[in-house]
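Engineer: Structure file target-v5.csv (CSV, C-alpha atoms) right here:
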chain,number,residue,atom,x,y,z
L,1,MET,CA,-24.0,-0.1,32.7
L,2,SER,CA,-21.0,1.0,34.8
L,3,LEU,CA,-17.4,0.2,33.7
L,4,LYS,CA,-15.6,-2.0,36.2
L,5,ALA,CA,-13.1,-3.9,34.2
L,6,PHE,CA,-12.2,-1.7,31.2
L,7,LYS,CA,-11.2,1.4,33.3
L,8,ARG,CA,-9.5,3.7,30.9
L,9,ALA,CA,-10.2,6.0,28.0
L,10,LEU,CA,-11.4,4.4,24.7
L,11,TRP,CA,-8.9,5.0,21.9
L,12,LEU,CA,-10.0,4.4,18.3
L,13,TYR,CA,-8.0,4.2,15.1
L,14,HIS,CA,-9.9,5.2,12.0
L,15,ILE,CA,-9.1,3.6,8.7
L,16,ASN,CA,-10.8,4.7,5.4
L,17,THR,CA,-10.9,1.8,3.0
L,18,GLY,CA,-12.2,3.7,0.0
L,19,SER,CA,-15.1,5.7,1.5
L,20,CYS,CA,-16.6,8.8,-0.2
L,21,ASN,CA,-15.6,10.7,3.0
L,22,GLY,CA,-19.3,11.2,4.0
L,23,CYS,CA,-18.9,8.9,7.0
L,24,ASP,CA,-15.5,10.4,7.8
L,25,ILE,CA,-17.1,13.9,8.0
L,26,GLU,CA,-19.8,12.6,10.4
L,27,ILE,CA,-17.1,10.9,12.5
L,28,LEU,CA,-15.3,14.3,12.8
L,29,ALA,CA,-18.7,15.9,13.7
L,30,THR,CA,-18.8,13.7,16.8
L,31,LEU,CA,-15.6,15.5,17.9
L,32,THR,CA,-16.9,19.0,17.4
L,33,PRO,CA,-18.3,21.0,20.3
L,34,ARG,CA,-21.9,20.0,19.5
L,35,TYR,CA,-21.2,16.3,20.5
L,36,ASP,CA,-17.6,16.5,21.9
L,37,VAL,CA,-17.1,12.8,22.6
L,38,GLU,CA,-13.5,13.5,23.7
L,39,ARG,CA,-14.9,14.7,27.1
L,40,PHE,CA,-15.7,11.0,27.7
L,41,GLY,CA,-12.2,10.0,26.8
L,42,ILE,CA,-13.1,8.8,23.3
L,43,VAL,CA,-10.1,9.8,21.2
L,44,LEU,CA,-9.0,9.1,17.7
L,45,VAL,CA,-5.4,8.1,17.7
L,46,GLY,CA,-2.7,8.1,15.0
L,47,SER,CA,-1.6,4.4,15.2
L,48,PRO,CA,-3.5,1.1,15.5
L,49,ARG,CA,-0.8,0.0,18.0
L,50,HIS,CA,-2.3,2.5,20.5
L,51,ALA,CA,-5.9,1.7,19.8
L,52,ASP,CA,-8.6,-0.5,21.5
L,53,VAL,CA,-11.0,-0.1,18.6
L,54,LEU,CA,-10.5,-0.2,14.8
L,55,LEU,CA,-13.1,2.1,13.2
L,56,VAL,CA,-13.6,1.2,9.5
L,57,THR,CA,-15.3,3.3,6.8
L,58,GLY,CA,-15.6,2.5,3.1
L,59,PRO,CA,-16.4,-0.5,1.1
L,60,VAL,CA,-12.8,-1.9,0.9
L,61,SER,CA,-11.2,-1.4,-2.5
L,62,ARG,CA,-8.8,-4.0,-3.9
L,63,GLN,CA,-5.8,-1.9,-3.0
L,64,MET,CA,-6.9,-1.4,0.6
L,65,ALA,CA,-7.7,-5.0,1.5
L,66,PRO,CA,-4.2,-6.1,2.4
L,67,ARG,CA,-3.6,-2.8,4.2
L,68,LEU,CA,-6.8,-3.2,6.2
L,69,LYS,CA,-5.8,-6.7,7.2
L,70,ARG,CA,-2.3,-5.5,8.3
L,71,VAL,CA,-3.7,-2.6,10.3
L,72,TYR,CA,-6.2,-5.0,12.0
L,73,GLU,CA,-3.4,-7.3,13.0
L,74,GLN,CA,-1.5,-4.4,14.5
L,75,VAL,CA,-4.2,-3.5,17.0
L,76,PRO,CA,-3.4,-5.1,20.4
L,77,ASP,CA,-5.8,-7.6,22.0
L,78,PRO,CA,-8.5,-7.4,23.1
L,79,LYS,CA,-9.6,-5.5,19.9
L,80,VAL,CA,-13.0,-4.6,18.6
L,81,VAL,CA,-14.0,-3.5,15.1
L,82,LEU,CA,-16.6,-0.8,14.5
L,83,GLN,CA,-17.8,-0.5,11.0
L,84,VAL,CA,-19.4,2.7,10.0
L,85,GLY,CA,-21.5,3.3,6.9
L,86,SER,CA,-23.7,1.2,4.6
L,87,CYS,CA,-21.1,0.8,1.9
L,88,GLY,CA,-18.9,-1.2,4.3
L,89,MET,CA,-21.9,-3.5,5.0
L,90,GLU,CA,-23.1,-4.3,1.5
L,91,GLY,CA,-21.4,-2.0,-1.0
L,92,GLY,CA,-23.9,0.9,-0.8
L,93,VAL,CA,-23.5,3.3,-3.7
L,94,PHE,CA,-20.4,1.4,-4.8
L,95,TYR,CA,-22.3,-1.9,-5.1
L,96,GLU,CA,-20.9,-4.2,-7.9
L,97,SER,CA,-18.0,-1.8,-8.5
L,98,TYR,CA,-15.2,-3.6,-10.4
L,99,ASN,CA,-12.5,-2.8,-7.8
L,100,LEU,CA,-14.3,-3.8,-4.6
L,101,VAL,CA,-13.4,-6.8,-2.5
L,102,GLY,CA,-15.5,-5.9,0.5
L,103,PRO,CA,-17.7,-5.7,2.4
L,104,VAL,CA,-15.5,-5.2,5.5
L,105,ASP,CA,-16.6,-8.4,7.3
L,106,GLN,CA,-15.3,-10.5,4.4
L,107,ILE,CA,-11.8,-9.1,5.1
L,108,ILE,CA,-11.7,-8.8,8.9
L,109,PRO,CA,-14.2,-9.8,11.7
L,110,VAL,CA,-16.6,-7.0,12.5
L,111,ASP,CA,-18.2,-6.6,16.0
L,112,VAL,CA,-20.5,-3.6,15.6
L,113,TYR,CA,-22.2,-2.2,12.5
L,114,VAL,CA,-23.5,1.4,12.2
L,115,PRO,CA,-25.6,1.6,9.0
L,116,GLY,CA,-26.4,4.8,7.2
L,117,CYS,CA,-25.1,6.7,4.2
L,118,PRO,CA,-23.7,8.5,6.0
L,119,PRO,CA,-25.0,7.6,9.6
L,120,ARG,CA,-25.8,10.6,11.9
L,121,PRO,CA,-23.2,11.4,14.6
L,122,GLU,CA,-25.8,10.1,17.2
L,123,ALA,CA,-25.7,6.7,15.5
L,124,ILE,CA,-21.9,6.6,15.5
L,125,ILE,CA,-21.8,7.5,19.2
L,126,GLU,CA,-24.3,4.7,19.9
L,127,GLY,CA,-22.0,2.3,18.0
L,128,VAL,CA,-19.0,3.5,20.1
L,129,VAL,CA,-21.1,2.8,23.3
L,130,ASN,CA,-21.8,-0.7,22.1
L,131,VAL,CA,-18.2,-1.2,21.3
L,132,TRP,CA,-17.3,0.0,24.8
L,133,VAL,CA,-19.8,-2.6,26.3
L,134,LYS,CA,-18.1,-5.3,24.3
L,135,LEU,CA,-14.7,-4.3,25.5
L,136,GLU,CA,-16.0,-4.2,29.1
L,137,LYS,CA,-17.4,-7.7,28.8
L,138,ALA,CA,-14.1,-8.9,27.2
L,139,ALA,CA,-12.1,-7.3,30.1
L,140,GLU,CA,-14.5,-8.9,32.7
L,141,GLN,CA,-14.0,-12.3,31.2
L,142,ARG,CA,-10.3,-11.9,31.4
L,143,ILE,CA,-10.4,-10.9,35.1
L,144,THR,CA,-12.8,-13.7,36.2
I,145,MET,CA,33.6,18.3,43.9
I,146,ALA,CA,33.6,22.0,43.0
I,147,THR,CA,30.7,24.0,41.7
I,148,LEU,CA,31.5,26.0,38.7
I,149,GLY,CA,30.1,29.6,38.6
I,150,PHE,CA,29.3,31.6,35.5
I,151,GLY,CA,28.1,34.9,36.8
I,152,LEU,CA,24.4,34.3,37.5
I,153,ASP,CA,24.6,30.6,36.4
I,154,PHE,CA,26.3,27.6,37.9
I,155,TRP,CA,27.2,23.9,37.1
I,156,ASP,CA,27.3,21.3,39.8
I,157,PRO,CA,27.9,17.6,39.1
I,158,ILE,CA,25.7,16.5,42.0
I,159,VAL,CA,22.8,18.6,40.8
I,160,TRP,CA,23.4,17.4,37.2
I,161,VAL,CA,23.5,13.7,38.2
I,162,SER,CA,20.4,14.1,40.5
I,163,ALA,CA,18.4,15.7,37.7
I,164,PHE,CA,19.5,13.0,35.2
I,165,VAL,CA,18.5,10.2,37.7
I,166,GLY,CA,15.2,12.0,38.4
I,167,VAL,CA,14.3,12.3,34.7
I,168,MET,CA,15.3,8.7,34.0
I,169,ALA,CA,13.0,7.6,37.0
I,170,MET,CA,10.1,9.6,35.5
I,171,ALA,CA,10.7,8.1,32.1
I,172,HIS,CA,10.8,4.6,33.6
I,173,PHE,CA,7.6,5.2,35.5
I,174,PHE,CA,5.6,6.5,32.4
I,175,ARG,CA,7.0,3.6,30.3
I,176,SER,CA,6.0,1.0,32.8
I,177,ARG,CA,2.4,2.4,32.7
I,178,GLY,CA,2.2,1.6,29.0
I,179,GLN,CA,0.5,-1.2,27.1
I,180,LYS,CA,2.1,-4.5,27.9
I,181,LYS,CA,-0.1,-6.9,26.1
I,182,TYR,CA,1.5,-6.8,22.6
I,183,LYS,CA,2.1,-10.3,21.4
I,184,LYS,CA,5.7,-10.6,20.5
I,185,GLY,CA,6.7,-11.9,17.1
I,186,THR,CA,3.3,-10.8,15.5
I,187,ALA,CA,2.3,-7.7,13.6
I,188,GLN,CA,1.4,-6.0,16.9
I,189,THR,CA,5.1,-5.3,17.6
I,190,GLN,CA,6.0,-4.2,14.1
I,191,ILE,CA,6.3,-0.5,13.3
I,192,PHE,CA,3.2,1.1,11.8
I,193,LEU,CA,3.7,2.4,8.2
I,194,SER,CA,0.1,3.4,7.4
I,195,GLY,CA,-0.7,-0.2,6.7
I,196,GLU,CA,2.1,-0.7,4.2
I,197,GLU,CA,4.2,-3.8,4.4
I,198,VAL,CA,7.2,-3.3,6.7
I,199,PRO,CA,10.5,-3.8,4.8
I,200,GLU,CA,13.6,-5.3,6.3
I,201,ALA,CA,15.5,-3.0,8.6
I,202,GLU,CA,18.3,-2.3,6.1
I,203,ARG,CA,15.8,-1.2,3.5
I,204,ARG,CA,13.8,1.0,5.8
I,205,HIS,CA,15.8,4.2,5.6
I,206,ILE,CA,14.9,7.2,3.4
I,207,LYS,CA,17.7,7.8,1.0
I,208,ALA,CA,19.4,11.2,1.5
I,209,HIS,CA,19.5,11.5,-2.3
I,210,ASN,CA,15.8,12.3,-2.2
I,211,ILE,CA,16.4,15.4,0.0
I,212,TYR,CA,18.7,16.9,-2.7
I,213,TRP,CA,16.3,16.4,-5.6
I,214,GLY,CA,15.7,20.2,-6.0
I,215,PHE,CA,19.4,20.9,-5.8
I,216,PHE,CA,20.2,18.4,-8.5
I,217,GLN,CA,17.3,19.6,-10.6
I,218,ALA,CA,18.4,23.2,-10.4
I,219,LEU,CA,22.0,22.3,-11.3
I,220,LYS,CA,21.1,19.8,-14.0
I,221,GLY,CA,23.2,21.5,-16.7
I,222,TYR,CA,26.3,21.0,-14.6
I,223,TYR,CA,25.5,17.5,-13.1
I,224,ASP,CA,24.3,15.7,-16.3
I,225,PRO,CA,27.7,16.0,-18.2
I,226,THR,CA,29.8,15.5,-15.1
I,227,ILE,CA,27.9,12.3,-14.1
I,228,LYS,CA,28.2,11.0,-17.6
I,229,ALA,CA,32.0,11.6,-17.4
I,230,HIS,CA,32.2,9.4,-14.3
I,231,THR,CA,31.8,6.1,-16.1
I,232,GLY,CA,33.5,4.0,-13.4
I,233,ILE,CA,35.9,2.6,-16.0
I,234,ILE,CA,39.6,3.0,-15.0
I,235,ASN,CA,40.7,3.4,-18.6
I,236,ASP,CA,38.4,6.5,-19.0
I,237,TYR,CA,39.9,8.1,-15.9
I,238,ILE,CA,43.5,7.4,-17.1
I,239,ILE,CA,42.6,9.1,-20.5
I,240,TRP,CA,41.3,12.1,-18.6
I,241,PHE,CA,44.3,12.3,-16.4
I,242,THR,CA,46.7,12.0,-19.3
I,243,ALA,CA,44.9,14.5,-21.4
I,244,ILE,CA,44.7,17.1,-18.6
I,245,ALA,CA,48.4,16.5,-17.7
I,246,ALA,CA,49.4,17.0,-21.3
I,247,ALA,CA,47.3,20.2,-21.6
I,248,THR,CA,48.8,21.5,-18.4
I,249,ALA,CA,52.3,20.7,-19.6
I,250,VAL,CA,51.7,22.5,-22.9
I,251,ILE,CA,50.3,25.6,-21.1
I,252,LEU,CA,53.3,25.6,-18.7
I,253,PHE,CA,55.7,25.3,-21.7
I,254,ILE,CA,54.1,28.2,-23.5
I,255,VAL,CA,53.8,30.4,-20.5
I,256,GLY,CA,57.4,29.6,-19.6
For this file, produce the structure as structure tokens.

Structural biologist:
Amino acid sequence: MSLKAFKRALWLYHINTGSCNGCDIEILATLTPRYDVERFGIVLVGSPRHADVLLVTGPVSRQMAPRLKRVYEQVPDPKVVLQVGSCGMEGGVFYESYNLVGPVDQIIPVDVYVPGCPPRPEAIIEGVVNVWVKLEKAAEQRIT
Amino acid sequence: MATLGFGLDFWDPIVWVSAFVGVMAMAHFFRSRGQKKYKKGTAQTQIFLSGEEVPEAERRHIKAHNIYWGFFQALKGYYDPTIKAHTGIINDYIIWFTAIAAATAVILFIVG
């Protein structure tokens, strides 16, 4: 699929909502020379206001829920949420923990899920590609 | 308009104004290329504080007192009694003033 409507680099903002850091390490692995996703313009940015995609890891602890909502609201439209890791999908190793209010899709709408504990970098990159396709379709609809 | 010379250097108002206008034009160009789709009046236009609630503008500053924490901690022996002495009650200040004036008068009387 070629990009016709969303013709710019894909910027992601990563938020950790209580992850064990396993997924975060795999996300960083996608930036290392072995995978080097930055050569395709896929960049982690420091503010949700600059991002096209909200990348969420972790099962959402009670303290992080309002912060996750606030960060989601700060991403400009059209926005897409990429959720990485099993714990953000159904609790994972934190299942039935006393301080969880997740999974992520109970707090904010999620567009693409990447399961795994942690998922491999290849799986995360595939998730990013799916996110990019969603943004392309959203941009196409806006144009036509 | 004259060009001022400083040996190998010079200052010319035309050059300075041209450079200023050039830089402003570049700044305007880069700014106009930025994201325009922020919805006004929503969280999208609020400042980003790592997901924390954004306080009112007048409560948003960092108090300068925090910067001096180490200074006050190191000079605690001096600051603790002096801060206690500054009660904010005018009667206390008058007592201090009267006592020190009396002590000075006594010293001056003795010394001659």

Engineer: Can you pull out every residue within 9 Å of range 118-133 of chain L, counting only C-alpha atoms, but drop anything in the same chain fewer than 2 positions away, and send it as a PyMOL selection string?

Structural biologist: chain L and resi 1+3+6+10+21-30+35+37+42+53+80-86+111-116+135-138

Engineer: For chain I, which residue among L:Lys134, L:Arg70, L:Arg142, L:Arg62 is the nearest when counting all atoms listed in the file?

Structural biologist: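 Going through L:Lys134, L:Arg70, L:Arg142, L:Arg62 one by one, the smallest distance to chain I is for L:Arg70.
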
Engineer: Would you write out, as a tab-separated table, a table of all residues in chain L that have an atom no more than 10 Å from an atom of chain I, listing for each the closest atom pair and the distance in Å to one decimal, considering all atoms listed in the file and ordering rows by chain and rising residue number?

Structural biologist:
residue	atom	partner	partner_atom	distance
L:Ile15	CA	I:Ser194	CA	9.3
L:Gly46	CA	I:Ser194	CA	9.4
L:Ser47	CA	I:Phe192	CA	6.7
L:Pro48	CA	I:Phe192	CA	7.7
L:Arg49	CA	I:Gln188	CA	6.5
L:His50	CA	I:Gln179	CA	8.1
L:Met64	CA	I:Gly195	CA	8.8
L:Ala65	CA	I:Gly195	CA	10.0
L:Pro66	CA	I:Gly195	CA	8.1
L:Arg67	CA	I:Gly195	CA	4.6
L:Leu68	CA	I:Gly195	CA	6.8
L:Lys69	CA	I:Gly195	CA	8.3
L:Arg70	CA	I:Gly195	CA	5.8
L:Val71	CA	I:Gly195	CA	5.3
L:Tyr72	CA	I:Gly195	CA	9.0
L:Glu73	CA	I:Ala187	CA	5.7
L:Gln74	CA	I:Gln188	CA	4.1
L:Val75	CA	I:Gln188	CA	6.1
L:Pro76	CA	I:Tyr182	CA	5.6
L:Asp77	CA	I:Lys181	CA	7.1
L:Pro78	CA	I:Lys181	CA	8.9

Engineer: Take CA of Ser2 in chain L and CA of Asp52 in chain L and report the distance between them in Å, one decimal.

Structural biologist: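 We find that CA of Ser2 in chain L and CA of Asp52 in chain L lie 18.2 Å from each other.
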
Engineer: CA of Ile227 in chain I and CA of Tyr212 in chain I, how far apart in Å?

Structural biologist: 15.4 Å

Engineer: Please fill the gaps in range 42-77 of chain L so it has N, CA and C atoms, and write that as a PDB file, in the frame of the given file.

Structural biologist:
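The result, written out as result_19.pdb:
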ATOM      1  N   ILE L  42     -13.091   9.461  24.632  1.00  0.00           N
ATOM      2  CA  ILE L  42     -13.100   8.800  23.300  1.00  0.00           C
ATOM      3  C   ILE L  42     -12.264   9.568  22.368  1.00  0.00           C
ATOM      4  N   VAL L  43     -11.138   8.989  21.992  1.00  0.00           N
ATOM      5  CA  VAL L  43     -10.100   9.800  21.200  1.00  0.00           C
ATOM      6  C   VAL L  43      -9.741   8.995  19.984  1.00  0.00           C
ATOM      7  N   LEU L  44      -9.568   9.739  18.870  1.00  0.00           N
ATOM      8  CA  LEU L  44      -9.000   9.100  17.700  1.00  0.00           C
ATOM      9  C   LEU L  44      -7.489   9.209  17.782  1.00  0.00           C
ATOM     10  N   VAL L  45      -6.808   8.086  17.595  1.00  0.00           N
ATOM     11  CA  VAL L  45      -5.400   8.100  17.700  1.00  0.00           C
ATOM     12  C   VAL L  45      -4.709   7.843  16.355  1.00  0.00           C
ATOM     13  N   GLY L  46      -3.412   8.097  16.287  1.00  0.00           N
ATOM     14  CA  GLY L  46      -2.700   8.100  15.000  1.00  0.00           C
ATOM     15  C   GLY L  46      -2.093   6.730  14.646  1.00  0.00           C
ATOM     16  N   SER L  47      -2.182   5.746  15.530  1.00  0.00           N
ATOM     17  CA  SER L  47      -1.600   4.400  15.200  1.00  0.00           C
ATOM     18  C   SER L  47      -2.454   3.326  15.757  1.00  0.00           C
ATOM     19  N   PRO L  48      -2.642   2.248  14.972  1.00  0.00           N
ATOM     20  CA  PRO L  48      -3.500   1.100  15.500  1.00  0.00           C
ATOM     21  C   PRO L  48      -2.820   0.449  16.672  1.00  0.00           C
ATOM     22  N   ARG L  49      -1.523   0.624  16.852  1.00  0.00           N
ATOM     23  CA  ARG L  49      -0.800   0.000  18.000  1.00  0.00           C
ATOM     24  C   ARG L  49      -1.237   0.636  19.315  1.00  0.00           C
ATOM     25  N   HIS L  50      -1.831   1.834  19.254  1.00  0.00           N
ATOM     26  CA  HIS L  50      -2.300   2.500  20.500  1.00  0.00           C
ATOM     27  C   HIS L  50      -3.773   2.316  20.708  1.00  0.00           C
ATOM     28  N   ALA L  51      -4.452   1.656  19.787  1.00  0.00           N
ATOM     29  CA  ALA L  51      -5.900   1.700  19.800  1.00  0.00           C
ATOM     30  C   ALA L  51      -6.527   0.452  20.476  1.00  0.00           C
ATOM     31  N   ASP L  52      -7.773   0.651  20.969  1.00  0.00           N
ATOM     32  CA  ASP L  52      -8.600  -0.500  21.500  1.00  0.00           C
ATOM     33  C   ASP L  52      -9.590  -0.881  20.401  1.00  0.00           C
ATOM     34  N   VAL L  53      -9.945   0.092  19.558  1.00  0.00           N
ATOM     35  CA  VAL L  53     -11.000  -0.100  18.600  1.00  0.00           C
ATOM     36  C   VAL L  53     -10.508   0.262  17.181  1.00  0.00           C
ATOM     37  N   LEU L  54     -10.835  -0.581  16.198  1.00  0.00           N
ATOM     38  CA  LEU L  54     -10.500  -0.200  14.800  1.00  0.00           C
ATOM     39  C   LEU L  54     -11.849   0.248  14.180  1.00  0.00           C
ATOM     40  N   LEU L  55     -11.875   1.520  13.785  1.00  0.00           N
ATOM     41  CA  LEU L  55     -13.100   2.100  13.200  1.00  0.00           C
ATOM     42  C   LEU L  55     -12.881   2.122  11.676  1.00  0.00           C
ATOM     43  N   VAL L  56     -13.745   1.400  10.962  1.00  0.00           N
ATOM     44  CA  VAL L  56     -13.600   1.200   9.500  1.00  0.00           C
ATOM     45  C   VAL L  56     -14.669   1.929   8.757  1.00  0.00           C
ATOM     46  N   THR L  57     -14.291   2.753   7.786  1.00  0.00           N
ATOM     47  CA  THR L  57     -15.300   3.300   6.800  1.00  0.00           C
ATOM     48  C   THR L  57     -14.873   2.889   5.444  1.00  0.00           C
ATOM     49  N   GLY L  58     -15.847   2.870   4.543  1.00  0.00           N
ATOM     50  CA  GLY L  58     -15.600   2.500   3.100  1.00  0.00           C
ATOM     51  C   GLY L  58     -15.849   1.080   2.830  1.00  0.00           C
ATOM     52  N   PRO L  59     -15.987   0.782   1.520  1.00  0.00           N
ATOM     53  CA  PRO L  59     -16.400  -0.500   1.100  1.00  0.00           C
ATOM     54  C   PRO L  59     -15.274  -1.538   0.864  1.00  0.00           C
ATOM     55  N   VAL L  60     -14.063  -1.157   1.083  1.00  0.00           N
ATOM     56  CA  VAL L  60     -12.800  -1.900   0.900  1.00  0.00           C
ATOM     57  C   VAL L  60     -12.501  -2.124  -0.587  1.00  0.00           C
ATOM     58  N   SER L  61     -11.679  -1.241  -1.092  1.00  0.00           N
ATOM     59  CA  SER L  61     -11.200  -1.400  -2.500  1.00  0.00           C
ATOM     60  C   SER L  61     -10.105  -2.426  -2.533  1.00  0.00           C
ATOM     61  N   ARG L  62      -9.836  -2.904  -3.730  1.00  0.00           N
ATOM     62  CA  ARG L  62      -8.800  -4.000  -3.900  1.00  0.00           C
ATOM     63  C   ARG L  62      -7.488  -3.618  -3.335  1.00  0.00           C
ATOM     64  N   GLN L  63      -7.084  -2.360  -3.524  1.00  0.00           N
ATOM     65  CA  GLN L  63      -5.800  -1.900  -3.000  1.00  0.00           C
ATOM     66  C   GLN L  63      -5.744  -1.854  -1.494  1.00  0.00           C
ATOM     67  N   MET L  64      -6.905  -1.588  -0.893  1.00  0.00           N
ATOM     68  CA  MET L  64      -6.900  -1.400   0.600  1.00  0.00           C
ATOM     69  C   MET L  64      -7.043  -2.673   1.367  1.00  0.00           C
ATOM     70  N   ALA L  65      -7.459  -3.764   0.729  1.00  0.00           N
ATOM     71  CA  ALA L  65      -7.700  -5.000   1.500  1.00  0.00           C
ATOM     72  C   ALA L  65      -6.501  -5.493   2.269  1.00  0.00           C
ATOM     73  N   PRO L  66      -5.320  -5.655   1.625  1.00  0.00           N
ATOM     74  CA  PRO L  66      -4.200  -6.100   2.400  1.00  0.00           C
ATOM     75  C   PRO L  66      -3.766  -5.123   3.498  1.00  0.00           C
ATOM     76  N   ARG L  67      -3.955  -3.841   3.236  1.00  0.00           N
ATOM     77  CA  ARG L  67      -3.600  -2.800   4.200  1.00  0.00           C
ATOM     78  C   ARG L  67      -4.568  -2.862   5.417  1.00  0.00           C
ATOM     79  N   LEU L  68      -5.837  -3.093   5.133  1.00  0.00           N
ATOM     80  CA  LEU L  68      -6.800  -3.200   6.200  1.00  0.00           C
ATOM     81  C   LEU L  68      -6.476  -4.403   7.109  1.00  0.00           C
ATOM     82  N   LYS L  69      -6.135  -5.544   6.478  1.00  0.00           N
ATOM     83  CA  LYS L  69      -5.800  -6.700   7.200  1.00  0.00           C
ATOM     84  C   LYS L  69      -4.544  -6.447   8.131  1.00  0.00           C
ATOM     85  N   ARG L  70      -3.552  -5.773   7.532  1.00  0.00           N
ATOM     86  CA  ARG L  70      -2.300  -5.500   8.300  1.00  0.00           C
ATOM     87  C   ARG L  70      -2.592  -4.569   9.459  1.00  0.00           C
ATOM     88  N   VAL L  71      -3.410  -3.535   9.244  1.00  0.00           N
ATOM     89  CA  VAL L  71      -3.700  -2.600  10.300  1.00  0.00           C
ATOM     90  C   VAL L  71      -4.517  -3.331  11.421  1.00  0.00           C
ATOM     91  N   TYR L  72      -5.451  -4.217  11.020  1.00  0.00           N
ATOM     92  CA  TYR L  72      -6.200  -5.000  12.000  1.00  0.00           C
ATOM     93  C   TYR L  72      -5.278  -5.834  12.873  1.00  0.00           C
ATOM     94  N   GLU L  73      -4.302  -6.471  12.225  1.00  0.00           N
ATOM     95  CA  GLU L  73      -3.400  -7.300  13.000  1.00  0.00           C
ATOM     96  C   GLU L  73      -2.501  -6.507  13.938  1.00  0.00           C
ATOM     97  N   GLN L  74      -2.326  -5.215  13.651  1.00  0.00           N
ATOM     98  CA  GLN L  74      -1.500  -4.400  14.500  1.00  0.00           C
ATOM     99  C   GLN L  74      -2.179  -3.867  15.756  1.00  0.00           C
ATOM    100  N   VAL L  75      -3.496  -3.984  15.816  1.00  0.00           N
ATOM    101  CA  VAL L  75      -4.200  -3.500  17.000  1.00  0.00           C
ATOM    102  C   VAL L  75      -4.008  -4.562  18.118  1.00  0.00           C
ATOM    103  N   PRO L  76      -3.589  -4.127  19.323  1.00  0.00           N
ATOM    104  CA  PRO L  76      -3.400  -5.100  20.400  1.00  0.00           C
ATOM    105  C   PRO L  76      -4.680  -5.722  20.897  1.00  0.00           C
ATOM    106  N   ASP L  77      -4.596  -6.930  21.436  1.00  0.00           N
ATOM    107  CA  ASP L  77      -5.800  -7.600  22.000  1.00  0.00           C
ATOM    108  C   ASP L  77      -6.095  -7.103  23.386  1.00  0.00           C
TER     109      ASP L  77
END
